[in-house]
$ cat data_11.csv   # CSV, C-alpha atoms and all ligand atoms
chain,number,residue,atom,x,y,z
A,256,MET,CA,-13.7,36.6,13.3
A,257,LYS,CA,-12.2,33.2,13.1
A,258,LEU,CA,-9.6,31.7,15.5
A,259,SER,CA,-6.4,30.5,13.9
A,260,TYR,CA,-3.2,28.9,15.2
A,261,ASN,CA,0.3,29.6,13.9
A,262,GLU,CA,2.6,26.7,14.2
A,263,ALA,CA,5.5,28.8,15.5
A,264,THR,CA,3.8,28.7,18.9
A,265,ALA,CA,4.7,25.0,19.6
A,266,MET,CA,7.3,24.6,16.8
A,267,LYS,CA,10.0,23.1,19.0
A,268,CYS,CA,7.8,20.7,20.9
A,269,SER,CA,5.4,19.5,18.3
A,270,THR,CA,5.0,18.4,14.7
A,271,LEU,CA,2.5,19.2,12.0
A,272,GLU,CA,0.7,15.9,12.6
A,273,LYS,CA,0.3,16.7,16.3
A,274,ASP,CA,-0.7,20.4,15.6
A,275,LEU,CA,-3.4,19.3,13.2
A,276,GLU,CA,-4.8,16.8,15.7
A,277,LEU,CA,-4.7,19.2,18.6
A,278,CYS,CA,-6.0,22.3,16.7
A,279,GLU,CA,-9.0,20.2,15.5
A,280,LYS,CA,-9.6,18.9,19.0
A,281,VAL,CA,-9.5,22.3,20.8
A,282,GLY,CA,-11.7,24.0,18.2
A,283,PHE,CA,-9.4,26.3,16.1
A,284,ASP,CA,-11.0,27.3,12.7
A,285,PHE,CA,-7.7,27.7,10.8
A,286,ILE,CA,-4.0,26.7,11.0
A,287,GLU,CA,-1.1,28.5,9.5
A,288,ILE,CA,1.4,25.9,8.5
A,289,ARG,CA,5.2,26.6,8.7
A,290,MET,CA,7.3,25.6,5.7
A,291,ASP,CA,9.9,23.8,7.8
A,292,MET,CA,7.3,21.8,9.6
A,293,LEU,CA,5.6,21.0,6.3
A,294,ARG,CA,8.9,19.6,4.9
A,295,ASP,CA,9.4,17.6,8.0
A,296,TYR,CA,5.8,16.2,7.8
A,297,LEU,CA,6.4,15.2,4.2
A,298,GLN,CA,9.3,12.9,5.3
A,299,ARG,CA,6.6,10.7,6.8
A,300,HIS,CA,3.5,11.5,4.8
A,301,THR,CA,2.3,12.7,1.4
A,302,VAL,CA,0.5,15.9,0.3
A,303,ASP,CA,-2.6,13.7,-0.3
A,304,ASP,CA,-2.5,12.7,3.4
A,305,LEU,CA,-2.7,16.4,4.3
A,306,LYS,CA,-5.4,17.0,1.8
A,307,SER,CA,-7.5,14.2,3.1
A,308,PHE,CA,-7.0,15.4,6.7
A,309,PHE,CA,-8.5,18.8,5.8
A,310,ALA,CA,-11.3,17.2,3.8
A,311,GLN,CA,-12.4,15.3,6.9
A,312,SER,CA,-11.9,18.1,9.4
A,313,ARG,CA,-13.4,21.3,10.6
A,314,LEU,CA,-10.0,22.8,10.7
A,315,LYS,CA,-8.8,24.4,7.5
A,316,PRO,CA,-5.4,25.8,6.3
A,317,HIS,CA,-5.1,29.5,5.9
A,318,ALA,CA,-1.5,30.9,5.3
A,319,PHE,CA,1.9,29.3,4.9
A,320,ASN,CA,4.7,30.9,6.9
A,321,ALA,CA,6.8,32.3,5.5
A,322,ILE,CA,8.9,33.6,2.6
A,323,HIS,CA,11.6,35.8,4.3
A,324,ASP,CA,14.0,38.5,3.2
A,325,ILE,CA,12.7,39.2,-0.3
A,326,ASN,CA,14.7,42.4,-0.7
A,327,PHE,CA,18.0,43.1,-2.4
A,328,CYS,CA,18.7,39.4,-3.1
A,329,THR,CA,21.7,37.9,-4.8
A,330,LYS,CA,20.7,35.6,-7.7
A,331,ALA,CA,21.3,32.5,-5.5
A,332,GLU,CA,19.1,34.0,-2.7
A,333,TRP,CA,16.4,34.8,-5.2
A,334,ASP,CA,16.5,31.4,-6.7
A,335,LYS,CA,16.0,29.9,-3.3
A,336,ILE,CA,13.0,32.1,-2.6
A,337,VAL,CA,11.4,31.1,-5.9
A,338,ASN,CA,12.0,27.5,-5.2
A,339,ASP,CA,10.5,27.7,-1.8
A,340,PHE,CA,7.6,29.7,-3.0
A,341,LEU,CA,6.8,27.3,-5.9
A,342,PHE,CA,6.9,24.4,-3.4
A,343,LEU,CA,4.3,26.2,-1.2
A,344,CYS,CA,2.2,27.1,-4.3
A,345,LYS,CA,2.0,23.5,-5.4
A,346,VAL,CA,1.1,22.1,-2.0
A,347,GLY,CA,-1.3,25.0,-1.4
A,348,GLU,CA,-3.2,24.4,-4.6
A,349,LYS,CA,-3.7,20.7,-3.6
A,350,ILE,CA,-4.8,21.3,0.0
A,351,GLY,CA,-6.7,24.5,-0.5
A,352,ASN,CA,-4.2,26.9,1.2
A,353,HIS,CA,-4.3,30.1,-0.8
A,354,TYR,CA,-2.1,32.5,1.2
A,355,VAL,CA,1.6,32.9,1.9
A,356,VAL,CA,3.1,35.3,4.4
A,357,VAL,CA,5.9,37.3,2.8
A,358,VAL,CA,8.4,39.2,5.0
A,359,PRO,CA,10.8,42.0,3.9
A,360,LEU,CA,14.5,41.9,4.5
A,361,ASP,CA,15.0,41.8,8.3
A,362,ARG,CA,18.5,41.8,9.8
A,363,LYS,CA,20.1,42.9,13.1
A,364,GLU,CA,21.2,46.2,11.6
A,365,PRO,CA,19.3,48.5,9.2
A,366,SER,CA,19.9,47.8,5.5
A,367,GLY,CA,21.3,51.3,4.9
A,368,ARG,CA,19.0,51.7,1.8
A,369,SER,CA,16.7,54.7,1.3
A,370,GLU,CA,12.9,54.3,1.6
A,371,LYS,CA,12.7,54.9,-2.2
A,372,GLU,CA,15.1,52.1,-2.9
A,373,ILE,CA,13.2,49.8,-0.5
A,374,PHE,CA,9.9,50.8,-2.1
A,375,GLU,CA,11.1,50.1,-5.7
A,376,ASP,CA,12.8,46.8,-4.8
A,377,SER,CA,9.8,45.6,-2.8
A,378,VAL,CA,7.4,46.4,-5.7
A,379,GLU,CA,9.6,44.5,-8.1
A,380,ALA,CA,10.0,41.4,-5.8
A,381,LEU,CA,6.3,41.2,-5.0
A,382,ASN,CA,5.3,41.6,-8.6
A,383,LYS,CA,7.7,38.7,-9.6
A,384,LEU,CA,6.2,36.5,-6.9
A,385,ALA,CA,2.6,37.5,-7.8
A,386,ASP,CA,3.3,36.4,-11.4
A,387,ILE,CA,4.3,32.9,-10.1
A,388,GLY,CA,1.5,32.7,-7.5
A,389,GLN,CA,-1.4,33.6,-9.8
A,390,ASP,CA,-1.0,30.4,-11.8
A,391,TYR,CA,-1.7,28.5,-8.5
A,392,GLY,CA,-4.4,30.8,-7.0
A,393,MET,CA,-1.8,31.9,-4.4
A,394,ASN,CA,-2.1,35.3,-2.6
A,395,LEU,CA,0.8,37.1,-0.8
A,396,GLY,CA,0.4,38.8,2.5
A,397,PHE,CA,3.2,41.3,2.9
A,398,GLU,CA,4.1,41.7,6.6
A,399,PRO,CA,5.9,44.7,8.1
A,400,VAL,CA,8.2,44.2,11.1
A,401,GLY,CA,8.8,47.3,13.3
A,402,ASN,CA,12.4,46.8,14.5
A,403,PRO,CA,15.1,49.0,13.0
A,404,GLY,CA,16.8,46.1,11.1
A,405,CYS,CA,13.7,45.5,9.0
A,406,CYS,CA,13.4,47.5,5.8
A,407,VAL,CA,9.6,47.8,5.9
A,408,ARG,CA,8.6,48.7,9.4
A,409,THR,CA,5.1,50.2,9.4
A,410,VAL,CA,1.7,49.6,8.0
A,411,ARG,CA,1.9,52.9,6.1
A,412,GLN,CA,5.2,51.8,4.4
A,413,ALA,CA,3.9,48.3,3.5
A,414,TRP,CA,0.5,49.7,2.3
A,415,GLU,CA,2.2,52.2,0.0
A,416,ILE,CA,4.1,49.3,-1.6
A,417,VAL,CA,1.1,47.0,-1.9
A,418,LYS,CA,-1.0,49.8,-3.4
A,419,ALA,CA,1.7,50.4,-6.0
A,420,VAL,CA,1.9,46.7,-6.8
A,421,ASN,CA,-1.8,46.9,-7.4
A,422,ARG,CA,-2.4,43.2,-7.9
A,423,ASP,CA,-5.4,41.2,-6.8
A,424,ASN,CA,-3.2,38.6,-5.2
A,425,VAL,CA,-1.0,40.9,-3.1
A,426,GLY,CA,-2.2,42.3,0.2
A,427,ILE,CA,-1.1,42.9,3.8
A,428,THR,CA,-0.3,40.8,6.9
A,429,VAL,CA,-0.6,42.6,10.2
A,430,ASP,CA,0.9,41.4,13.4
A,431,ALA,CA,0.4,43.2,16.8
A,432,PHE,CA,3.9,42.5,18.2
A,433,ASN,CA,5.7,43.3,14.9
A,434,LEU,CA,3.9,46.7,14.9
A,435,TYR,CA,4.7,47.2,18.6
A,436,LEU,CA,8.4,46.7,17.8
A,437,TYR,CA,8.2,50.1,16.0
A,438,ASN,CA,9.0,52.4,19.0
A,439,LYS,CA,6.5,50.4,21.1
A,440,LEU,CA,3.6,51.7,19.0
A,441,ASN,CA,0.6,50.6,21.0
A,442,ASN,CA,-2.2,52.1,19.0
A,443,TYR,CA,-3.2,50.2,15.9
A,444,GLU,CA,-5.5,52.7,14.2
A,445,ASP,CA,-3.0,53.0,11.3
A,446,ILE,CA,-4.3,49.6,10.1
A,447,LYS,CA,-7.5,51.4,9.0
A,448,MET,CA,-5.6,52.9,6.1
A,449,VAL,CA,-5.5,49.4,4.5
A,450,ASP,CA,-8.5,48.5,2.3
A,451,ARG,CA,-10.5,45.8,4.1
A,452,ASP,CA,-10.2,43.3,1.2
A,453,LYS,CA,-6.4,43.7,1.2
A,454,LEU,CA,-6.1,42.5,4.8
A,455,PHE,CA,-5.1,38.9,4.1
A,456,VAL,CA,-3.7,37.7,7.4
A,457,ALA,CA,-3.9,39.0,11.0
A,458,HIS,CA,-1.4,37.7,13.6
A,459,VAL,CA,-2.1,38.3,17.3
A,460,ASP,CA,0.5,38.1,20.1
A,461,ASP,CA,1.1,39.9,23.4
A,462,GLY,CA,4.6,40.9,24.5
A,463,ASP,CA,6.7,41.3,27.7
A,464,ASP,CA,7.4,44.7,29.3
A,465,ARG,CA,11.1,45.1,28.3
A,466,PRO,CA,13.3,47.9,27.0
A,467,LEU,CA,12.9,48.4,23.2
A,468,GLU,CA,16.6,47.5,22.7
A,469,GLU,CA,16.0,44.0,24.3
A,470,LEU,CA,12.6,43.3,22.8
A,471,ASP,CA,12.7,40.3,20.5
A,472,HIS,CA,10.3,37.7,19.1
A,473,LYS,CA,11.1,35.4,22.0
A,474,HIS,CA,9.3,37.9,24.2
A,475,ARG,CA,6.0,37.3,22.5
A,476,CYS,CA,3.4,35.7,24.8
A,477,PHE,CA,-0.3,34.7,24.9
A,478,PRO,CA,-2.9,37.5,24.8
A,479,GLY,CA,-3.5,38.9,28.3
A,480,GLU,CA,-0.1,38.1,29.6
A,481,GLY,CA,1.8,41.1,28.3
A,482,VAL,CA,1.6,44.9,27.9
A,483,LEU,CA,0.3,45.2,24.3
A,484,ASN,CA,-3.0,47.0,23.8
A,485,LEU,CA,-4.6,44.0,22.1
A,486,LYS,CA,-8.1,45.2,22.7
A,487,ASN,CA,-7.3,48.3,20.6
A,488,TYR,CA,-5.8,46.0,18.0
A,489,ILE,CA,-8.8,43.7,17.7
A,490,THR,CA,-11.3,46.6,18.0
A,491,THR,CA,-9.5,48.3,15.1
A,492,LEU,CA,-9.9,45.2,12.9
A,493,LYS,CA,-13.5,45.0,14.0
A,494,GLU,CA,-14.2,48.6,13.1
A,495,MET,CA,-12.9,47.8,9.7
A,496,ASN,CA,-15.5,45.1,9.4
A,497,TYR,CA,-12.7,42.5,9.3
A,498,ASP,CA,-14.2,39.1,10.0
A,499,GLY,CA,-11.4,36.9,8.8
A,500,MET,CA,-8.9,34.9,10.7
A,501,VAL,CA,-6.9,36.0,13.7
A,502,SER,CA,-3.9,33.8,14.3
A,503,ILE,CA,-2.0,33.4,17.6
A,504,GLU,CA,1.8,33.4,16.8
A,505,THR,CA,4.4,33.3,19.5
A,506,PHE,CA,8.1,32.2,19.4
A,507,ARG,CA,8.5,31.8,23.2
A,508,PRO,CA,11.2,29.2,24.3
A,509,GLU,CA,9.4,28.7,27.6
A,510,TYR,CA,6.3,27.4,25.7
A,511,TRP,CA,8.4,25.1,23.6
A,512,GLU,CA,9.5,23.3,26.9
A,513,LYS,CA,5.8,22.4,27.6
A,514,ASP,CA,3.6,19.7,26.2
A,515,PRO,CA,2.0,20.7,22.9
A,516,GLU,CA,-1.4,19.9,24.4
A,517,TRP,CA,-0.9,22.7,27.0
A,518,VAL,CA,0.5,25.1,24.4
A,519,ILE,CA,-2.3,24.7,21.9
A,520,LYS,CA,-5.1,24.6,24.5
A,521,THR,CA,-3.7,27.8,26.2
A,522,ALA,CA,-3.3,29.5,22.8
A,523,TYR,CA,-6.9,28.8,22.0
A,524,GLU,CA,-8.3,29.8,25.3
A,525,THR,CA,-6.4,33.1,25.7
A,526,THR,CA,-7.0,34.2,22.1
A,527,LYS,CA,-10.7,33.3,22.3
A,528,ARG,CA,-11.0,35.3,25.6
A,529,LEU,CA,-9.4,38.3,23.9
A,530,LEU,CA,-11.8,38.2,20.9
A,531,GLU,CA,-14.8,37.7,23.1
A,532,SER,CA,-13.8,40.6,25.4
A,533,VAL,CA,-14.3,43.1,22.5
A,534,GLY,CA,-17.3,41.2,20.9
A,535,ALA,CA,-15.3,40.0,17.9
A,536,LEU,CA,-16.4,36.4,18.1
A,601,ZN,ZN,3.5,37.5,12.2

$ encode --input "data_11.csv" --output "structure tokens"
Amino acid sequence: MKLSYNEATAMKCSTLEKDLELCEKVGFDFIEIRMDMLRDYLQRHTVDDLKSFFAQSRLKPHAFNAIHDINFCTKAEWDKIVNDFLFLCKVGEKIGNHYVVVVPLDRKEPSGRSEKEIFEDSVEALNKLADIGQDYGMNLGFEPVGNPGCCVRTVRQAWEIVKAVNRDNVGITVDAFNLYLYNKLNNYEDIKMVDRDKLFVAHVDDGDDRPLEELDHKHRCFPGEGVLNLKNYITTLKEMNYDGMVSIETFRPEYWEKDPEWVIKTAYETTKRLLESVGAL
């Protein structure tokens, strides 16, 4: 597998420029660029600057993060999604970034929609984005999030949607912590129901030991520092013959108070140690 860094991990103490420099230095294979950090970078640089960085570096881009809340949109909400998605498609085509993470509607409270309504709406939304993306060689990784407020909560539900969409450029993003948010699910064998070539993105993250009602993305932490069964997660991917990227993605405020050097070095070392511990590197 390949080691990847997701920019959320140091997003409040770093910039894209700094992340690029540090990820290249510590040895990451891939970086997942955040859309907000990309827009910020483009205040000071051009897309050609980014392209030439990757042309001269070992580090490569993998997936942009993220297009959120694609379900049950008003016209204005959908127009914004299309606008953001087109921006990512155009930059992606130039710099060789061929994936975007796409997240279902995720709110504090459940949407109140039936699974059938969610299925139909997700299929329609993903198809519309896939139509746009295919002109730019862009693939979509649909990412379930396990908390009750998200309308697509499990690998099974996401996979049924992606199978029905049945497009070459629509697949799945898995994320250990997001799946754990579904009733503290700590066995990741369900991922095996996904076709290997439809697994577009894998996020890895540990999590604090807290009651389910309190658990939030801010409780994500580096591999080995929490209670998630990440050896089971990585072993599951390995048993599927997945040899793609595994990307460390936390949103922990405590890390944002540190130097980005510390964050990125620790992210690399803890993720590498996890992958090595199950023979996945
Ligand atoms: Zn994720």

$ residues_near_ligand --input "data_11.csv" --ligand "ligand ZN 601 (chain A)" --cutoff "12 Å" --atoms "only C-alpha atoms and all ligand atoms" --output "ChimeraX atom specification"
/A:260-264,287,289,318-323,355-359,396-401,427-436,455-461,472,475,501-506

$ atom_distance --input "data_11.csv" --atom1 "CA of Asn496 (chain A)" --atom2 "CA of Leu454 (chain A)"
10.8 Å

$ atom_distance --input "data_11.csv" --atom1 "CA of Ser269 (chain A)" --atom2 "CA of Phe477 (chain A)"
17.5 Å

$ closest_residue --input "data_11.csv" --among "A:Asp445, A:Asp386, A:Asp463, A:Asp514" --to "Thr491 (chain A)" --atoms "all atoms listed in the file"
A:Asp445

$ atom_distance --input "data_11.csv" --atom1 "CA of His353 (chain A)" --atom2 "CA of Leu258 (chain A)"
17.2 Å

$ closest_residue --input "data_11.csv" --among "A:Glu444, A:Asp452, A:Glu512, A:Glu379" --to "Glu494 (chain A)" --atoms "all atoms listed in the file"
A:Glu444

$ closest_atom_pairs --input "data_11.csv" --of "region 446-495 of chain A" --to "region 363-377 of chain A" --cutoff "12 Å" --atoms "only C-alpha atoms" --output "Markdown table"
| residue | atom | partner | partner_atom | distance |
| --- | --- | --- | --- | --- |
| A:Glu468 | CA | A:Lys363 | CA | 11.2 |
| A:Glu469 | CA | A:Lys363 | CA | 12.0 |
| A:Asp471 | CA | A:Lys363 | CA | 10.8 |

$ closest_residue --input "data_11.csv" --among "A:Asp303, A:Asp423, A:Asp324, A:Glu276" --to "Met393 (chain A)" --atoms "only C-alpha atoms"
A:Asp423

$ closest_residue --input "data_11.csv" --among "A:Ala265, A:Lys486, A:Trp517, A:Pro508" --to "Gly534 (chain A)" --atoms "only C-alpha atoms"
A:Lys486

$ residues_around --input "data_11.csv" --residues "Leu360 (chain A)" --least-positions-apart "4" --cutoff "8 Å" --atoms "only C-alpha atoms" --output "ChimeraX atom specification"
/A:323-327,405-407

$ closest_residue --input "data_11.csv" --among "A:Phe285, A:Phe340, A:Tyr443, A:Tyr296" --to "Leu492 (chain A)" --atoms "all atoms listed in the file"
A:Tyr443

$ closest_residue --input "data_11.csv" --among "A:Ala535, A:Ile519, A:Leu483, A:Met256" --to "Lys280 (chain A)" --atoms "only C-alpha atoms"
A:Ile519

$ residues_near_point --input "data_11.csv" --point "(-1.6, 18.5, -5.9)" --cutoff "9 Å" --atoms "all atoms listed in the file" --output "list in words"
Val302, Asp303, Lys306, Lys345, Val346, Gly347, Glu348, Lys349 and Ile350 of chain A

$ residues_around --input "data_11.csv" --residues "Asp464 (chain A)" --least-positions-apart "6" --cutoff "9 Å" --atoms "only C-alpha atoms" --output "PyMOL selection string"
chain A and resi 470+474+481-483

$ build_atoms --input "data_11.csv" --residues "region 334-345 of chain A" --atoms "all heavy atoms" --output "PDB file, keeping the file's coordinate frame"
ATOM      1  N   ASP A 334      16.835  32.709  -6.233  1.00  0.00           N
ATOM      2  CA  ASP A 334      16.500  31.400  -6.700  1.00  0.00           C
ATOM      3  C   ASP A 334      15.906  30.505  -5.622  1.00  0.00           C
ATOM      4  O   ASP A 334      14.971  29.736  -5.828  1.00  0.00           O
ATOM      5  CB  ASP A 334      17.718  30.677  -7.346  1.00  0.00           C
ATOM      6  CG  ASP A 334      18.122  31.304  -8.681  1.00  0.00           C
ATOM      7  OD1 ASP A 334      17.338  32.112  -9.228  1.00  0.00           O
ATOM      8  OD2 ASP A 334      19.230  31.001  -9.170  1.00  0.00           O
ATOM      9  N   LYS A 335      16.472  30.639  -4.428  1.00  0.00           N
ATOM     10  CA  LYS A 335      16.000  29.900  -3.300  1.00  0.00           C
ATOM     11  C   LYS A 335      14.540  30.299  -2.917  1.00  0.00           C
ATOM     12  O   LYS A 335      13.671  29.472  -2.643  1.00  0.00           O
ATOM     13  CB  LYS A 335      16.909  29.988  -2.088  1.00  0.00           C
ATOM     14  CG  LYS A 335      16.447  29.133  -0.936  1.00  0.00           C
ATOM     15  CD  LYS A 335      17.374  29.142   0.248  1.00  0.00           C
ATOM     16  CE  LYS A 335      16.884  28.209   1.353  1.00  0.00           C
ATOM     17  NZ  LYS A 335      15.477  28.381   1.731  1.00  0.00           N
ATOM     18  N   ILE A 336      14.323  31.615  -2.936  1.00  0.00           N
ATOM     19  CA  ILE A 336      13.000  32.100  -2.600  1.00  0.00           C
ATOM     20  C   ILE A 336      11.963  31.577  -3.638  1.00  0.00           C
ATOM     21  O   ILE A 336      10.885  31.109  -3.258  1.00  0.00           O
ATOM     22  CB  ILE A 336      12.999  33.687  -2.645  1.00  0.00           C
ATOM     23  CG1 ILE A 336      13.660  34.183  -1.355  1.00  0.00           C
ATOM     24  CG2 ILE A 336      11.592  34.263  -2.794  1.00  0.00           C
ATOM     25  CD1 ILE A 336      13.859  35.680  -1.281  1.00  0.00           C
ATOM     26  N   VAL A 337      12.311  31.613  -4.902  1.00  0.00           N
ATOM     27  CA  VAL A 337      11.400  31.100  -5.900  1.00  0.00           C
ATOM     28  C   VAL A 337      11.117  29.643  -5.765  1.00  0.00           C
ATOM     29  O   VAL A 337       9.971  29.177  -5.859  1.00  0.00           O
ATOM     30  CB  VAL A 337      11.932  31.458  -7.352  1.00  0.00           C
ATOM     31  CG1 VAL A 337      11.131  30.741  -8.432  1.00  0.00           C
ATOM     32  CG2 VAL A 337      11.912  32.965  -7.584  1.00  0.00           C
ATOM     33  N   ASN A 338      12.176  28.910  -5.453  1.00  0.00           N
ATOM     34  CA  ASN A 338      12.000  27.500  -5.200  1.00  0.00           C
ATOM     35  C   ASN A 338      11.099  27.164  -4.054  1.00  0.00           C
ATOM     36  O   ASN A 338      10.178  26.344  -4.165  1.00  0.00           O
ATOM     37  CB  ASN A 338      13.458  26.927  -4.974  1.00  0.00           C
ATOM     38  CG  ASN A 338      13.486  25.430  -5.010  1.00  0.00           C
ATOM     39  OD1 ASN A 338      12.901  24.814  -5.892  1.00  0.00           O
ATOM     40  ND2 ASN A 338      14.147  24.835  -4.033  1.00  0.00           N
ATOM     41  N   ASP A 339      11.321  27.852  -2.948  1.00  0.00           N
ATOM     42  CA  ASP A 339      10.500  27.700  -1.800  1.00  0.00           C
ATOM     43  C   ASP A 339       9.026  28.088  -2.075  1.00  0.00           C
ATOM     44  O   ASP A 339       8.063  27.414  -1.695  1.00  0.00           O
ATOM     45  CB  ASP A 339      10.974  28.508  -0.581  1.00  0.00           C
ATOM     46  CG  ASP A 339      12.240  27.936   0.043  1.00  0.00           C
ATOM     47  OD1 ASP A 339      12.567  26.765  -0.229  1.00  0.00           O
ATOM     48  OD2 ASP A 339      12.909  28.676   0.802  1.00  0.00           O
ATOM     49  N   PHE A 340       8.896  29.218  -2.740  1.00  0.00           N
ATOM     50  CA  PHE A 340       7.600  29.700  -3.000  1.00  0.00           C
ATOM     51  C   PHE A 340       6.786  28.793  -3.946  1.00  0.00           C
ATOM     52  O   PHE A 340       5.598  28.524  -3.724  1.00  0.00           O
ATOM     53  CB  PHE A 340       7.684  31.145  -3.649  1.00  0.00           C
ATOM     54  CG  PHE A 340       6.362  31.817  -3.885  1.00  0.00           C
ATOM     55  CD1 PHE A 340       5.521  32.146  -2.839  1.00  0.00           C
ATOM     56  CD2 PHE A 340       5.947  32.121  -5.178  1.00  0.00           C
ATOM     57  CE1 PHE A 340       4.291  32.760  -3.053  1.00  0.00           C
ATOM     58  CE2 PHE A 340       4.722  32.743  -5.407  1.00  0.00           C
ATOM     59  CZ  PHE A 340       3.904  33.056  -4.346  1.00  0.00           C
ATOM     60  N   LEU A 341       7.460  28.252  -4.948  1.00  0.00           N
ATOM     61  CA  LEU A 341       6.800  27.300  -5.900  1.00  0.00           C
ATOM     62  C   LEU A 341       6.365  26.038  -5.120  1.00  0.00           C
ATOM     63  O   LEU A 341       5.287  25.502  -5.372  1.00  0.00           O
ATOM     64  CB  LEU A 341       7.782  26.902  -6.977  1.00  0.00           C
ATOM     65  CG  LEU A 341       7.676  27.708  -8.269  1.00  0.00           C
ATOM     66  CD1 LEU A 341       8.824  27.336  -9.203  1.00  0.00           C
ATOM     67  CD2 LEU A 341       6.330  27.470  -8.963  1.00  0.00           C
ATOM     68  N   PHE A 342       7.207  25.582  -4.206  1.00  0.00           N
ATOM     69  CA  PHE A 342       6.900  24.400  -3.400  1.00  0.00           C
ATOM     70  C   PHE A 342       5.545  24.701  -2.613  1.00  0.00           C
ATOM     71  O   PHE A 342       4.608  23.900  -2.622  1.00  0.00           O
ATOM     72  CB  PHE A 342       8.020  24.117  -2.413  1.00  0.00           C
ATOM     73  CG  PHE A 342       7.692  23.239  -1.250  1.00  0.00           C
ATOM     74  CD1 PHE A 342       7.363  21.894  -1.445  1.00  0.00           C
ATOM     75  CD2 PHE A 342       7.719  23.735   0.051  1.00  0.00           C
ATOM     76  CE1 PHE A 342       7.061  21.070  -0.362  1.00  0.00           C
ATOM     77  CE2 PHE A 342       7.424  22.925   1.140  1.00  0.00           C
ATOM     78  CZ  PHE A 342       7.093  21.591   0.925  1.00  0.00           C
ATOM     79  N   LEU A 343       5.469  25.890  -1.992  1.00  0.00           N
ATOM     80  CA  LEU A 343       4.300  26.200  -1.200  1.00  0.00           C
ATOM     81  C   LEU A 343       3.059  26.403  -2.151  1.00  0.00           C
ATOM     82  O   LEU A 343       1.941  26.017  -1.796  1.00  0.00           O
ATOM     83  CB  LEU A 343       4.513  27.526  -0.423  1.00  0.00           C
ATOM     84  CG  LEU A 343       5.590  27.411   0.664  1.00  0.00           C
ATOM     85  CD1 LEU A 343       5.807  28.761   1.355  1.00  0.00           C
ATOM     86  CD2 LEU A 343       5.233  26.347   1.706  1.00  0.00           C
ATOM     87  N   CYS A 344       3.275  26.978  -3.341  1.00  0.00           N
ATOM     88  CA  CYS A 344       2.200  27.100  -4.300  1.00  0.00           C
ATOM     89  C   CYS A 344       1.591  25.791  -4.694  1.00  0.00           C
ATOM     90  O   CYS A 344       0.372  25.611  -4.754  1.00  0.00           O
ATOM     91  CB  CYS A 344       2.664  27.852  -5.571  1.00  0.00           C
ATOM     92  SG  CYS A 344       2.926  29.614  -5.364  1.00  0.00           S
ATOM     93  N   LYS A 345       2.479  24.837  -4.953  1.00  0.00           N
ATOM     94  CA  LYS A 345       2.000  23.500  -5.400  1.00  0.00           C
ATOM     95  C   LYS A 345       1.279  22.759  -4.317  1.00  0.00           C
ATOM     96  O   LYS A 345       0.231  22.170  -4.554  1.00  0.00           O
ATOM     97  CB  LYS A 345       3.216  22.692  -5.937  1.00  0.00           C
ATOM     98  CG  LYS A 345       3.684  23.206  -7.288  1.00  0.00           C
ATOM     99  CD  LYS A 345       4.957  22.535  -7.757  1.00  0.00           C
ATOM    100  CE  LYS A 345       5.426  23.196  -9.066  1.00  0.00           C
ATOM    101  NZ  LYS A 345       6.786  22.804  -9.427  1.00  0.00           N
TER     102      LYS A 345
END
